[in-house]
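Here's the structure, in structure tokens; my notes come after.
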Amino acid sequence: MAESNFSVVVPASTANLGPGFDSIGLALNLYMTVNVSPSEDWEVTYKDDGFEDLPNGEDNLIVKTVTNIAERKGRVAPASRLIIQSDIPLGKGLGSSATAIAAGIEIANQLLELNLSAKEKVLLGSGYEGHADNISAALLGGVTISYFDGVEMDVVHIREPKMGAVILVPPEALLTEASRGLLPDQLSHSEAIRSSAAGNVLSAAIARDDWETAGRMMEKDIFHEPYRKKLFPEFDRIREVCHEYGAYGMTISGAGPSLFVAVKQGNEGELAKRLAVAFPYYGCIAVKPSNAGAVVN
């Protein structure tokens, strides 16, 4: 059993990027840091505001992930104290639950000396999440394009995407379950083909760092944007203004309620300032890709 005195740093993530539904993820340079030390019982302390309602014991998602992995391996994870600092907003479409699960996987791997491979970690996390987009980006960093059917897993990893981004964060959180409830059970064959084609071109463009093409494809989604856009005040106007300011494209971040704007590398700060003035309802955060995924120190 490893000495339980270390820290884990995990990035935020945005998922889908439009038609890459449940398969494309991008790690962002907002981070959660978990300091782990020995304890008689599981204790979880959040150092930042906004996390007061999260469980602080064995019901915490990070702890549940650790103990579940230990149980699967026929082991018992030593109780630990987790002190957490995070600049990732909860329930705002930035992969906060995937970040917690990724942290739990890394903590279990360290405490139990499991020596899990990167693919094993992503497969584990995808099983907990039900899809691979956020969790693969949180664990690996950069852009991830994943296939996961509940059993098999394949991931294409693009380590250093050359772009910047702005996240428009509304004041209210949104549960992923509620957002998924807006989606139809079926799409027509022609609609599915069009959105799938957009997703294919999006993936290829990202792999080539052609973000102009990727930005156009981000806005051609039919899988979920038409059904969720009503949740976002001034959605269409924000897209128009982003184009006026030279952004590559704008789409919903994950299941929402935040919006993701892809921009030329280095332009994210200026665009965030302009959008903050134009759309004061939203908090505007300039971000960059996180090339590093989860790291144990």
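Residue numbering restarts at 1 in every chain; chains get A, B, ... in the order shown in the structure tokens, and ligands count up from 1 in that same order.
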
Quick one: residues within 9 Å of Asp149 of chain A, only C-alpha atoms, excluding same-chain residues fewer than 4 positions away - as a short mmCIF file (atom, residue, chain, number, x, y, z; two decimals) with all heavy atoms, in the first residue's frame?
data_model
loop_
_atom_site.label_atom_id
_atom_site.label_comp_id
_atom_site.auth_asym_id
_atom_site.auth_seq_id
_atom_site.Cartn_x
_atom_site.Cartn_y
_atom_site.Cartn_z
N GLY A 130 -20.65 7.01 -18.20
CA GLY A 130 -21.59 6.57 -19.22
C GLY A 130 -21.18 7.00 -20.62
O GLY A 130 -21.80 6.60 -21.60
N HIS A 131 -20.16 7.83 -20.73
CA HIS A 131 -19.61 8.26 -22.01
C HIS A 131 -18.17 8.72 -21.74
O HIS A 131 -17.77 8.92 -20.60
CB HIS A 131 -20.44 9.38 -22.63
CG HIS A 131 -20.95 10.39 -21.64
ND1 HIS A 131 -20.24 11.50 -21.26
CD2 HIS A 131 -22.10 10.43 -20.92
CE1 HIS A 131 -20.92 12.19 -20.36
NE2 HIS A 131 -22.06 11.56 -20.14
N MET A 153 -13.30 0.34 -25.87
CA MET A 153 -12.86 1.73 -25.80
C MET A 153 -11.72 1.95 -26.78
O MET A 153 -10.79 1.14 -26.88
CB MET A 153 -12.38 2.03 -24.36
CG MET A 153 -11.39 3.17 -24.23
SD MET A 153 -12.16 4.76 -24.50
CE MET A 153 -13.36 4.74 -23.18
#

Next on the checklist: So that I can see what lies close to segment 37-45 of chain A, please list as number ranges by chain the residues with an atom at most 10 Å from it, counting only C-alpha atoms and leaving out residues fewer than 5 positions away in the same chain.
Outcome noted: A: 3-7, 51-52, 54-60, 62-63, 78-85

Let me see the file: selected residues, N, CA, C and O atoms, as a compact mmCIF listing (two decimals), in the first residue's frame.
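Just written: again27.txt:
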# COMPACT_ATOMS: atom_id res chain seq x y z
N GLU A 3 2.16 5.14 0.48
CA GLU A 3 1.99 6.19 1.47
C GLU A 3 1.00 7.22 0.93
O GLU A 3 1.16 7.72 -0.19
N SER A 4 -0.06 7.52 1.72
CA SER A 4 -1.10 8.40 1.22
C SER A 4 -0.79 9.85 1.57
O SER A 4 -1.43 10.46 2.42
N ASN A 5 0.22 10.41 0.93
CA ASN A 5 0.57 11.80 1.14
C ASN A 5 1.05 12.37 -0.19
O ASN A 5 2.23 12.31 -0.51
N PHE A 6 0.10 12.90 -0.97
CA PHE A 6 0.40 13.36 -2.32
C PHE A 6 -0.74 14.27 -2.77
O PHE A 6 -1.71 14.49 -2.04
N SER A 7 -0.63 14.81 -3.96
CA SER A 7 -1.71 15.63 -4.52
C SER A 7 -2.01 15.21 -5.95
O SER A 7 -1.14 14.66 -6.64
N PHE A 51 -19.05 25.10 -2.94
CA PHE A 51 -18.99 23.64 -2.83
C PHE A 51 -19.60 23.16 -1.51
O PHE A 51 -19.46 21.99 -1.15
N GLU A 52 -20.28 24.07 -0.80
CA GLU A 52 -20.76 23.75 0.55
C GLU A 52 -21.76 22.60 0.58
O GLU A 52 -21.86 21.89 1.59
N LEU A 54 -21.78 19.88 -1.27
CA LEU A 54 -21.24 18.57 -1.65
C LEU A 54 -20.94 17.73 -0.42
O LEU A 54 -20.53 18.26 0.62
N PRO A 55 -21.13 16.42 -0.49
CA PRO A 55 -20.84 15.54 0.64
C PRO A 55 -19.38 15.65 1.07
O PRO A 55 -18.49 15.82 0.24
N ASN A 56 -19.15 15.54 2.38
CA ASN A 56 -17.78 15.67 2.88
C ASN A 56 -17.25 14.39 3.53
O ASN A 56 -16.29 14.41 4.30
N GLY A 57 -17.89 13.26 3.18
CA GLY A 57 -17.45 11.98 3.71
C GLY A 57 -17.48 10.90 2.64
O GLY A 57 -17.15 11.14 1.48
N GLU A 58 -17.90 9.71 3.01
CA GLU A 58 -17.87 8.56 2.10
C GLU A 58 -18.82 8.70 0.93
O GLU A 58 -18.69 7.98 -0.06
N ASP A 59 -19.80 9.62 1.02
CA ASP A 59 -20.74 9.83 -0.09
C ASP A 59 -20.20 10.78 -1.15
O ASP A 59 -20.84 10.99 -2.18
N ASN A 60 -19.05 11.38 -0.90
CA ASN A 60 -18.46 12.28 -1.89
C ASN A 60 -18.08 11.50 -3.14
O ASN A 60 -17.61 10.36 -3.07
N ILE A 62 -15.63 11.71 -5.28
CA ILE A 62 -14.22 11.30 -5.37
C ILE A 62 -14.00 10.07 -4.51
O ILE A 62 -13.39 9.07 -4.94
N VAL A 63 -14.50 10.11 -3.27
CA VAL A 63 -14.32 8.99 -2.35
C VAL A 63 -15.04 7.75 -2.86
O VAL A 63 -14.49 6.63 -2.82
N PRO A 78 -7.17 2.77 1.98
CA PRO A 78 -6.99 3.40 3.29
C PRO A 78 -7.72 4.73 3.34
O PRO A 78 -7.66 5.52 2.39
N ALA A 79 -8.42 4.97 4.45
CA ALA A 79 -9.14 6.24 4.60
C ALA A 79 -8.14 7.40 4.52
O ALA A 79 -7.00 7.30 4.98
N SER A 80 -8.59 8.47 3.92
CA SER A 80 -7.70 9.62 3.71
C SER A 80 -8.48 10.91 3.90
O SER A 80 -9.71 10.96 3.80
N ARG A 81 -7.72 11.96 4.14
CA ARG A 81 -8.30 13.30 4.18
C ARG A 81 -8.01 13.97 2.84
O ARG A 81 -6.86 13.97 2.38
N LEU A 82 -9.05 14.51 2.22
CA LEU A 82 -8.91 15.18 0.95
C LEU A 82 -9.20 16.67 1.14
O LEU A 82 -10.28 17.05 1.58
N ILE A 83 -8.21 17.50 0.84
CA ILE A 83 -8.39 18.94 0.89
C ILE A 83 -8.37 19.43 -0.56
O ILE A 83 -7.40 19.21 -1.28
N ILE A 84 -9.46 20.09 -0.97
CA ILE A 84 -9.69 20.36 -2.40
C ILE A 84 -9.78 21.85 -2.67
O ILE A 84 -10.51 22.58 -1.98
N GLN A 85 -9.03 22.27 -3.67
CA GLN A 85 -9.15 23.62 -4.21
C GLN A 85 -9.53 23.50 -5.68
O GLN A 85 -8.97 22.67 -6.39

Checklist entry - For Val155 of chain A, which residue out of A:Leu259, A:Ile167, A:Ile24, A:Leu17 is the nearest one, using only C-alpha atoms? => result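 The shortest atom-to-atom distance to Val155 of chain A comes from A:Ile24.
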
Checklist entry - Leu231 of chain A: which residues within 12 Å, counting only C-alpha atoms, same-chain residues fewer than 6 positions away excluded, as a list in words? => result Pro170, Glu172, Ala173, Leu174, Ala178, Ser179, Leu182, His224, Glu225, Ile252, Ala255, Gly256, Pro257, Ser258 and Leu259 of chain A

Export N, CA, C and O atoms of the chosen residues as an mmCIF file, in the first residue's frame?
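The resulting file, selection14.cif, is shown below:
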data_model
loop_
_atom_site.group_PDB
_atom_site.id
_atom_site.type_symbol
_atom_site.label_atom_id
_atom_site.label_comp_id
_atom_site.auth_asym_id
_atom_site.auth_seq_id
_atom_site.Cartn_x
_atom_site.Cartn_y
_atom_site.Cartn_z
ATOM 1 N N PRO A 170 -23.316 31.141 -17.245
ATOM 2 C CA PRO A 170 -24.491 31.806 -16.672
ATOM 3 C C PRO A 170 -24.504 31.658 -15.153
ATOM 4 O O PRO A 170 -23.774 30.832 -14.592
ATOM 5 N N GLU A 172 -26.815 30.418 -13.187
ATOM 6 C CA GLU A 172 -27.500 29.231 -12.665
ATOM 7 C C GLU A 172 -26.857 27.952 -13.191
ATOM 8 O O GLU A 172 -26.460 27.863 -14.352
ATOM 9 N N ALA A 173 -26.752 26.956 -12.315
ATOM 10 C CA ALA A 173 -26.244 25.644 -12.710
ATOM 11 C C ALA A 173 -27.349 24.860 -13.416
ATOM 12 O O ALA A 173 -28.524 25.229 -13.389
ATOM 13 N N LEU A 174 -26.952 23.763 -14.055
ATOM 14 C CA LEU A 174 -27.912 22.896 -14.758
ATOM 15 C C LEU A 174 -27.447 21.457 -14.608
ATOM 16 O O LEU A 174 -26.301 21.137 -14.900
ATOM 17 N N ALA A 178 -31.157 16.843 -16.465
ATOM 18 C CA ALA A 178 -32.235 17.703 -16.933
ATOM 19 C C ALA A 178 -32.014 18.107 -18.385
ATOM 20 O O ALA A 178 -32.948 18.139 -19.190
ATOM 21 N N SER A 179 -30.764 18.391 -18.740
ATOM 22 C CA SER A 179 -30.457 18.780 -20.113
ATOM 23 C C SER A 179 -30.670 17.610 -21.072
ATOM 24 O O SER A 179 -31.174 17.789 -22.182
ATOM 25 N N LEU A 182 -34.152 16.942 -22.524
ATOM 26 C CA LEU A 182 -34.677 17.751 -23.616
ATOM 27 C C LEU A 182 -34.478 17.100 -24.978
ATOM 28 O O LEU A 182 -35.057 17.540 -25.969
ATOM 29 N N HIS A 224 -27.987 17.817 -30.669
ATOM 30 C CA HIS A 224 -28.501 18.374 -29.414
ATOM 31 C C HIS A 224 -28.717 19.882 -29.399
ATOM 32 O O HIS A 224 -29.594 20.367 -28.681
ATOM 33 N N GLU A 225 -27.982 20.648 -30.206
ATOM 34 C CA GLU A 225 -28.120 22.106 -30.117
ATOM 35 C C GLU A 225 -29.542 22.603 -30.346
ATOM 36 O O GLU A 225 -30.034 23.454 -29.576
ATOM 37 N N ILE A 252 -22.490 24.916 -27.531
ATOM 38 C CA ILE A 252 -22.805 24.622 -26.134
ATOM 39 C C ILE A 252 -21.658 23.820 -25.521
ATOM 40 O O ILE A 252 -21.125 22.902 -26.144
ATOM 41 N N ALA A 255 -23.332 19.590 -21.807
ATOM 42 C CA ALA A 255 -24.791 19.629 -21.785
ATOM 43 C C ALA A 255 -25.307 21.021 -21.423
ATOM 44 O O ALA A 255 -26.501 21.228 -21.316
ATOM 45 N N GLY A 256 -24.388 21.992 -21.241
ATOM 46 C CA GLY A 256 -24.755 23.327 -20.811
ATOM 47 C C GLY A 256 -24.694 23.414 -19.287
ATOM 48 O O GLY A 256 -24.365 22.440 -18.617
ATOM 49 N N PRO A 257 -24.960 24.610 -18.735
ATOM 50 C CA PRO A 257 -25.527 25.787 -19.379
ATOM 51 C C PRO A 257 -24.496 26.807 -19.864
ATOM 52 O O PRO A 257 -24.854 27.948 -20.143
ATOM 53 N N SER A 258 -23.216 26.436 -19.940
ATOM 54 C CA SER A 258 -22.208 27.369 -20.452
ATOM 55 C C SER A 258 -22.096 27.253 -21.969
ATOM 56 O O SER A 258 -22.514 26.268 -22.574
ATOM 57 N N LEU A 259 -21.510 28.289 -22.567
ATOM 58 C CA LEU A 259 -21.230 28.309 -23.992
ATOM 59 C C LEU A 259 -19.727 28.314 -24.216
ATOM 60 O O LEU A 259 -18.972 28.895 -23.428
#

Next on the checklist: Taking only segment 72-285 of chain A into account, list the residues labelled alpha helix (DSSP H) by DSSP (computed from the backbone), as a ChimeraX atom specification.
Outcome noted: /A:72,96-111,118-129,133-140,176-180,189-207,211-218,225-228,235-244,268-278

Selected residues written out with C-alpha atoms, as a compact mmCIF listing (two decimals), in the first residue's frame:
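The resulting file, result.txt, is shown below:
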# COMPACT_ATOMS: atom_id res chain seq x y z
CA ARG A 72 -13.55 -4.15 -7.75
CA SER A 96 -16.88 18.95 -12.87
CA SER A 97 -18.18 15.41 -12.25
CA ALA A 98 -15.65 13.93 -14.69
CA THR A 99 -12.91 15.88 -12.91
CA ALA A 100 -13.96 14.36 -9.59
CA ILE A 101 -14.07 10.85 -11.07
CA ALA A 102 -10.66 11.33 -12.71
CA ALA A 103 -9.26 12.47 -9.36
CA GLY A 104 -10.75 9.38 -7.68
CA ILE A 105 -9.19 7.10 -10.29
CA GLU A 106 -5.76 8.67 -9.82
CA ILE A 107 -6.05 8.52 -6.02
CA ALA A 108 -7.07 4.85 -6.12
CA ASN A 109 -4.25 4.08 -8.53
CA GLN A 110 -1.77 5.73 -6.17
CA LEU A 111 -3.08 4.40 -2.84
CA ALA A 118 -3.94 5.44 -19.46
CA LYS A 119 -6.45 3.41 -21.45
CA GLU A 120 -7.51 1.44 -18.37
CA LYS A 121 -8.12 4.70 -16.50
CA VAL A 122 -10.23 6.11 -19.33
CA LEU A 123 -12.21 2.88 -19.63
CA LEU A 124 -12.89 2.89 -15.89
CA GLY A 125 -13.95 6.51 -15.91
CA SER A 126 -16.16 6.09 -18.98
CA GLY A 127 -18.00 3.31 -17.19
CA TYR A 128 -18.80 5.66 -14.32
CA GLU A 129 -19.72 8.60 -16.58
CA ASP A 133 -15.77 12.70 -23.75
CA ASN A 134 -15.09 14.66 -20.53
CA ILE A 135 -13.34 11.88 -18.63
CA SER A 136 -10.84 11.13 -21.40
CA ALA A 137 -9.93 14.82 -21.71
CA ALA A 138 -9.63 15.19 -17.93
CA LEU A 139 -7.30 12.19 -17.67
CA LEU A 140 -5.23 12.72 -20.83
CA THR A 176 -26.85 17.04 -16.97
CA GLU A 177 -29.86 14.78 -16.43
CA ALA A 178 -32.24 17.70 -16.93
CA SER A 179 -30.46 18.78 -20.11
CA ARG A 180 -30.49 15.24 -21.51
CA HIS A 189 -31.97 9.14 -40.95
CA SER A 190 -31.14 12.27 -42.95
CA GLU A 191 -30.64 14.37 -39.81
CA ALA A 192 -28.35 11.75 -38.27
CA ILE A 193 -26.31 11.58 -41.49
CA ARG A 194 -25.84 15.36 -41.63
CA SER A 195 -24.78 15.66 -38.00
CA SER A 196 -22.53 12.62 -38.28
CA ALA A 197 -20.85 14.12 -41.36
CA ALA A 198 -20.30 17.38 -39.47
CA GLY A 199 -18.77 15.41 -36.60
CA ASN A 200 -16.45 13.55 -38.98
CA VAL A 201 -15.19 16.76 -40.58
CA LEU A 202 -14.89 18.37 -37.13
CA SER A 203 -12.66 15.51 -35.92
CA ALA A 204 -10.47 15.61 -39.01
CA ALA A 205 -10.14 19.39 -38.83
CA ILE A 206 -9.14 19.29 -35.15
CA ALA A 207 -6.55 16.61 -35.92
CA TRP A 211 -9.80 25.45 -36.37
CA GLU A 212 -11.48 27.59 -39.01
CA THR A 213 -13.08 24.47 -40.46
CA ALA A 214 -13.63 23.02 -36.99
CA GLY A 215 -15.44 26.20 -35.95
CA ARG A 216 -17.84 25.98 -38.88
CA MET A 217 -18.57 22.33 -38.13
CA MET A 218 -19.15 23.09 -34.43
CA GLU A 225 -28.12 22.11 -30.12
CA PRO A 226 -31.62 22.66 -31.60
CA TYR A 227 -33.18 21.17 -28.46
CA ARG A 228 -30.98 22.85 -25.84
CA PHE A 235 -27.93 32.37 -27.98
CA ASP A 236 -28.23 33.43 -31.64
CA ARG A 237 -27.05 36.98 -30.96
CA ILE A 238 -23.99 35.71 -29.08
CA ARG A 239 -23.08 33.58 -32.09
CA GLU A 240 -23.45 36.58 -34.40
CA VAL A 241 -21.26 38.77 -32.19
CA CYS A 242 -18.63 36.05 -31.88
CA HIS A 243 -18.41 35.92 -35.68
CA GLU A 244 -18.17 39.70 -35.86
CA GLU A 268 -9.15 34.71 -25.93
CA GLY A 269 -8.47 37.51 -23.43
CA GLU A 270 -9.65 40.33 -25.68
CA LEU A 271 -12.77 38.46 -26.81
CA ALA A 272 -13.67 37.63 -23.19
CA LYS A 273 -13.57 41.35 -22.34
CA ARG A 274 -15.75 42.27 -25.32
CA LEU A 275 -18.33 39.55 -24.64
CA ALA A 276 -18.49 40.50 -20.96
CA VAL A 277 -19.56 44.01 -21.99
CA ALA A 278 -21.99 42.84 -24.68

Checklist entry - Just how far from atom CA of Gly142 of chain A is atom CA of Val34 of chain A, in Å to one decimal? => result 20.8 Å

Next on the checklist: Just the number, please: distance in Å from atom CA of Val9 of chain A to atom CA of Val261 of chain A, one decimal.
Outcome noted: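 Separating atom CA of Val9 of chain A from atom CA of Val261 of chain A is a distance of 24.6 Å.
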
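Our summary of the geometry notes that atom CA of Ser13 of chain A is positioned 11.6 Å from atom CA of Ala292 of chain A.
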
Checklist entry - What are the DSSP strand (DSSP E or B) residues of segment 150-295 of chain A, as a ChimeraX atom specification? => result /A:153-158,164-169,249-252,259-263,283-287,289,295

Checklist entry - Using only C-alpha atoms, which residue out of A:Lys288, A:Arg75, A:Lys264, A:Lys220 lies closest to Val143 of chain A? => result A:Lys288

Next on the checklist: Given only C-alpha atoms as the basis, pick out the residue of A:Val36, A:Ile88, A:Leu187, A:Ala132 nearest to Ile222 of chain A.
Outcome noted: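 Among the listed residues, the smallest separation from Ile222 of chain A belongs to A:Leu187.
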